[in-house]
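*Asks:* Dumping the structure here so I can ask a few things about it.
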Amino acid sequence: METKTQITYKDRLFRFIFGSMDNVENILSLYNALNGTNYDDPAALMITTLEDVIYVRMKNDVSFLISSYLSLWEQQSSYNPNMPLRGLMYFGELYSGYIESNSLNLYGSKLLQIPTPQYVVFYNGERDAEAIRKLRLSDSFINKDESGDFEWTATMYNLNKGKNDPLMERCKPLKDYMMLVQYIRDNLNHGMPVEAAVDEAVKRCISENVMKEFLIKHRAEVKNMCITEYNEKTFVDGIKAEGIAEGRMKEIFSCVQDGLFTAEKGAERLNMSLGQFEAEMQKAGYKIPVNV
């Protein structure tokens, strides 16, 4: 029975463009742009991306083997300083798979030869960031260690305009991807609903010959991926905002309970009436001090 590849709309657009052998020319183009190489043979590359179907708790964007280098690419629309730690965990799984598939003896006396790691994070969020930044695992250590004996790094490339333009010029698929992202972002900033913003951006790209053939062929998938991705980002941002608000509320409740300032002051800081403030405070399990 023939097994057909099913495209999940919840997949990342970046992964769809740069993470499949169906678009291997895009992977090679980006790899060459990053490393100054000129690979053009699809047979030189083997996809090793972790899928959560197999690795229940882990899924990365794109990973592959080429010329004994094990590359891992992650796309981030929000700045995340924990990428080195995530990369360390990803590479542990990738190397485990490599050792098993090549029947290597991890417990033998012979030194194993394993592919050299290359870990790149592509950042395209709206928070300002350097063009290229080296993120280090050691920055997460509770006890600072400057020996370098236990280091793992992620090289983060900022894909926003004016940050890594030469890289974009060397890799048209990456440049086109970011043009689509920017058009969607511009439409959203002009007040368009997500669905309309994505639809108009896709139409504009096709009219301007930006990923034209790709978008015509995969128009429905791309639109659904983008809509899902932006809706999820809005949801996550909302959860973060609610978390910050809830944290501030609890902090003020604690201050009032401990007598650091009055309930009236707490209500003022949270822009509530005194009655509403006291009701919310009691609902959260805090005691309102009795003024003597």
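In the structure tokens, chains take letters A, B, ... by order of appearance, with residues numbered from 1 within each chain and ligands from 1 in the order shown.
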Give one line per residue of range 60-95 of chain A that approaches range 113-128 of chain A to at most 6 Å, naming the two atoms of the closest pair and their distance in Å to one decimal, counting only C-alpha atoms; sort by chain then ascending residue number and deliver it as CSV.

*Replies:*
```
residue,atom,partner,partner_atom,distance
A:Ser68,CA,A:Pro115,CA,4.7
A:Tyr69,CA,A:Thr116,CA,4.6
A:Leu70,CA,A:Pro117,CA,4.8
A:Ser71,CA,A:Gln118,CA,4.6
A:Leu72,CA,A:Tyr119,CA,4.9
A:Trp73,CA,A:Val120,CA,5.0
A:Glu74,CA,A:Val121,CA,4.8
A:Gln75,CA,A:Phe122,CA,4.6
A:Gln76,CA,A:Tyr123,CA,4.9
A:Ser77,CA,A:Gly125,CA,4.2
A:Ser78,CA,A:Gly125,CA,5.2
```

*Asks:* Between CA of Arg86 in chain A and CA of Thr48 in chain A, measure the distance and give it in Å to one decimal.

*Replies:*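 For CA of Arg86 in chain A relative to CA of Thr48 in chain A, the distance reads 16.4 Å.
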
*Asks:* Name the residues of range 6-198 of chain A that come out as strand (DSSP E or B) in a backbone DSSP run; write them as an NGL selection string.

*Replies:* :A and (45-47 or 62-66 or 69-76 or 116-123 or 132-136 or 153-158)

*Asks:* Which of these residues is nearest to Val24 in chain A, using only C-alpha atoms: A:Met225, A:Pro173, A:Trp152, A:Asp165?

*Replies:* A:Pro173

*Asks:* Could you give me, as a PyMOL selection string, the residues within 12 Å of Tyr183 in chain A, counting only C-alpha atoms and dropping anything in the same chain fewer than 4 positions from it?

*Replies:* chain A and resi 176-179+187-190+192+194+196-206+208+210+226

*Asks:* Go through A:Glu93, A:Glu130, A:Glu195, A:Glu278 one by one, measure the shortest atom-to-atom distance of each to Lys163 in chain A using only C-alpha atoms, and give the residue with the smallest value.

*Replies:*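 So, comparing all the options, the nearest one is A:Glu130.
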
*Asks:* What is the CA of Asn105 in chain A to CA of Gly92 in chain A distance in Å?

*Replies:*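 Separation between CA of Asn105 in chain A and CA of Gly92 in chain A: 15.9 Å.
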
*Asks:* State, in Å with one decimal place, the distance from CA of Asn82 in chain A to CA of Lys144 in chain A.

*Replies:* 16.1 Å

*Asks:* Give one line per residue of range 133-176 of chain A that approaches range 26-40 of chain A to at most 9 Å, naming the two atoms of the closest pair and their distance in Å to one decimal, counting only C-alpha atoms; sort by chain then ascending residue number and deliver it as CSV.

*Replies:*
```
residue,atom,partner,partner_atom,distance
A:Leu167,CA,A:Ala33,CA,6.2
A:Met168,CA,A:Ala33,CA,8.2
A:Glu169,CA,A:Ala33,CA,8.7
A:Arg170,CA,A:Ala33,CA,5.4
A:Cys171,CA,A:Leu30,CA,5.6
A:Lys172,CA,A:Ser29,CA,8.0
A:Pro173,CA,A:Asn26,CA,6.1
A:Leu174,CA,A:Leu30,CA,7.1
```

*Asks:* From a backbone DSSP assignment, name each residue in range 36-278 of chain A labelled helix (DSSP H, G or I), as a PyMOL selection string.

*Replies:* chain A and resi 42-44+83-101+137-140+165-170+172-189+194-207+212-217+219-257+263-269+274-278

*Asks:* Which of these residues is nearest to Gln257 in chain A, using only C-alpha atoms: A:Gln282, A:Ser273, A:Asn23, A:Ser103?

*Replies:*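 That would be A:Gln282, the residue with the smallest distance to Gln257 in chain A.
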
*Asks:* Find the residues around Leu85 in chain A up to 12 Å (only C-alpha atoms counted), leave out those fewer than 4 positions away in its own chain, and share them as a VMD selection string.

*Replies:* chain A and resid 80 to 81 89 to 92 119 135 to 141 150 to 154

*Asks:* Only N, CA, C and O atoms, please: the residues just picked out, written as a PDB file, in the first residue's frame.

*Replies:*
```pdb
ATOM      1  N   ASN A  80      14.141  33.731  22.373  1.00  0.00           N
ATOM      2  CA  ASN A  80      14.180  32.676  23.382  1.00  0.00           C
ATOM      3  C   ASN A  80      15.630  32.400  23.772  1.00  0.00           C
ATOM      4  O   ASN A  80      16.380  31.808  22.999  1.00  0.00           O
ATOM      5  N   PRO A  81      16.049  32.816  24.982  1.00  0.00           N
ATOM      6  CA  PRO A  81      17.434  32.602  25.404  1.00  0.00           C
ATOM      7  C   PRO A  81      17.742  31.159  25.762  1.00  0.00           C
ATOM      8  O   PRO A  81      18.899  30.822  26.038  1.00  0.00           O
ATOM      9  N   MET A  89      19.420  19.182  24.068  1.00  0.00           N
ATOM     10  CA  MET A  89      18.476  18.057  24.188  1.00  0.00           C
ATOM     11  C   MET A  89      18.165  17.464  22.814  1.00  0.00           C
ATOM     12  O   MET A  89      18.113  16.237  22.643  1.00  0.00           O
ATOM     13  N   TYR A  90      17.955  18.335  21.813  1.00  0.00           N
ATOM     14  CA  TYR A  90      17.690  17.849  20.455  1.00  0.00           C
ATOM     15  C   TYR A  90      18.854  17.014  19.934  1.00  0.00           C
ATOM     16  O   TYR A  90      18.675  15.921  19.381  1.00  0.00           O
ATOM     17  N   PHE A  91      20.069  17.548  20.077  1.00  0.00           N
ATOM     18  CA  PHE A  91      21.225  16.849  19.536  1.00  0.00           C
ATOM     19  C   PHE A  91      21.468  15.530  20.257  1.00  0.00           C
ATOM     20  O   PHE A  91      21.960  14.569  19.651  1.00  0.00           O
ATOM     21  N   GLY A  92      21.138  15.463  21.549  1.00  0.00           N
ATOM     22  CA  GLY A  92      21.242  14.194  22.260  1.00  0.00           C
ATOM     23  C   GLY A  92      20.387  13.133  21.594  1.00  0.00           C
ATOM     24  O   GLY A  92      20.829  11.993  21.382  1.00  0.00           O
ATOM     25  N   TYR A 119      24.446  24.326  14.749  1.00  0.00           N
ATOM     26  CA  TYR A 119      23.144  24.684  15.319  1.00  0.00           C
ATOM     27  C   TYR A 119      22.854  26.153  15.043  1.00  0.00           C
ATOM     28  O   TYR A 119      23.575  27.039  15.503  1.00  0.00           O
ATOM     29  N   LEU A 135      24.293  32.491  21.440  1.00  0.00           N
ATOM     30  CA  LEU A 135      23.636  32.142  22.693  1.00  0.00           C
ATOM     31  C   LEU A 135      24.391  30.978  23.330  1.00  0.00           C
ATOM     32  O   LEU A 135      24.753  30.022  22.644  1.00  0.00           O
ATOM     33  N   ARG A 136      24.620  31.033  24.627  1.00  0.00           N
ATOM     34  CA  ARG A 136      25.468  30.052  25.308  1.00  0.00           C
ATOM     35  C   ARG A 136      24.713  29.337  26.431  1.00  0.00           C
ATOM     36  O   ARG A 136      24.015  29.958  27.220  1.00  0.00           O
ATOM     37  N   LEU A 137      24.927  28.038  26.500  1.00  0.00           N
ATOM     38  CA  LEU A 137      24.333  27.233  27.564  1.00  0.00           C
ATOM     39  C   LEU A 137      24.832  27.690  28.927  1.00  0.00           C
ATOM     40  O   LEU A 137      24.076  27.697  29.902  1.00  0.00           O
ATOM     41  N   SER A 138      26.092  28.094  29.013  1.00  0.00           N
ATOM     42  CA  SER A 138      26.683  28.481  30.301  1.00  0.00           C
ATOM     43  C   SER A 138      25.975  29.675  30.936  1.00  0.00           C
ATOM     44  O   SER A 138      26.060  29.874  32.152  1.00  0.00           O
ATOM     45  N   ASP A 139      25.255  30.465  30.142  1.00  0.00           N
ATOM     46  CA  ASP A 139      24.510  31.592  30.707  1.00  0.00           C
ATOM     47  C   ASP A 139      23.366  31.107  31.600  1.00  0.00           C
ATOM     48  O   ASP A 139      22.838  31.873  32.408  1.00  0.00           O
ATOM     49  N   SER A 140      22.975  29.833  31.436  1.00  0.00           N
ATOM     50  CA  SER A 140      21.888  29.271  32.233  1.00  0.00           C
ATOM     51  C   SER A 140      22.376  28.638  33.537  1.00  0.00           C
ATOM     52  O   SER A 140      21.555  28.295  34.389  1.00  0.00           O
ATOM     53  N   PHE A 141      23.679  28.455  33.681  1.00  0.00           N
ATOM     54  CA  PHE A 141      24.191  27.754  34.865  1.00  0.00           C
ATOM     55  C   PHE A 141      23.917  28.539  36.144  1.00  0.00           C
ATOM     56  O   PHE A 141      24.187  29.748  36.201  1.00  0.00           O
ATOM     57  N   PHE A 150      31.908  22.857  29.736  1.00  0.00           N
ATOM     58  CA  PHE A 150      30.548  22.367  29.569  1.00  0.00           C
ATOM     59  C   PHE A 150      29.724  23.408  28.812  1.00  0.00           C
ATOM     60  O   PHE A 150      28.806  24.014  29.354  1.00  0.00           O
ATOM     61  N   GLU A 151      30.079  23.614  27.564  1.00  0.00           N
ATOM     62  CA  GLU A 151      29.445  24.657  26.766  1.00  0.00           C
ATOM     63  C   GLU A 151      28.675  24.044  25.598  1.00  0.00           C
ATOM     64  O   GLU A 151      29.041  22.996  25.070  1.00  0.00           O
ATOM     65  N   TRP A 152      27.604  24.706  25.248  1.00  0.00           N
ATOM     66  CA  TRP A 152      26.830  24.387  24.040  1.00  0.00           C
ATOM     67  C   TRP A 152      26.269  25.698  23.538  1.00  0.00           C
ATOM     68  O   TRP A 152      25.751  26.491  24.323  1.00  0.00           O
ATOM     69  N   THR A 153      26.376  25.948  22.260  1.00  0.00           N
ATOM     70  CA  THR A 153      25.972  27.245  21.731  1.00  0.00           C
ATOM     71  C   THR A 153      24.928  27.119  20.622  1.00  0.00           C
ATOM     72  O   THR A 153      24.777  26.066  20.011  1.00  0.00           O
ATOM     73  N   ALA A 154      24.226  28.211  20.408  1.00  0.00           N
ATOM     74  CA  ALA A 154      23.319  28.351  19.269  1.00  0.00           C
ATOM     75  C   ALA A 154      23.638  29.688  18.619  1.00  0.00           C
ATOM     76  O   ALA A 154      23.718  30.714  19.301  1.00  0.00           O
TER      77      ALA A 154
END
```
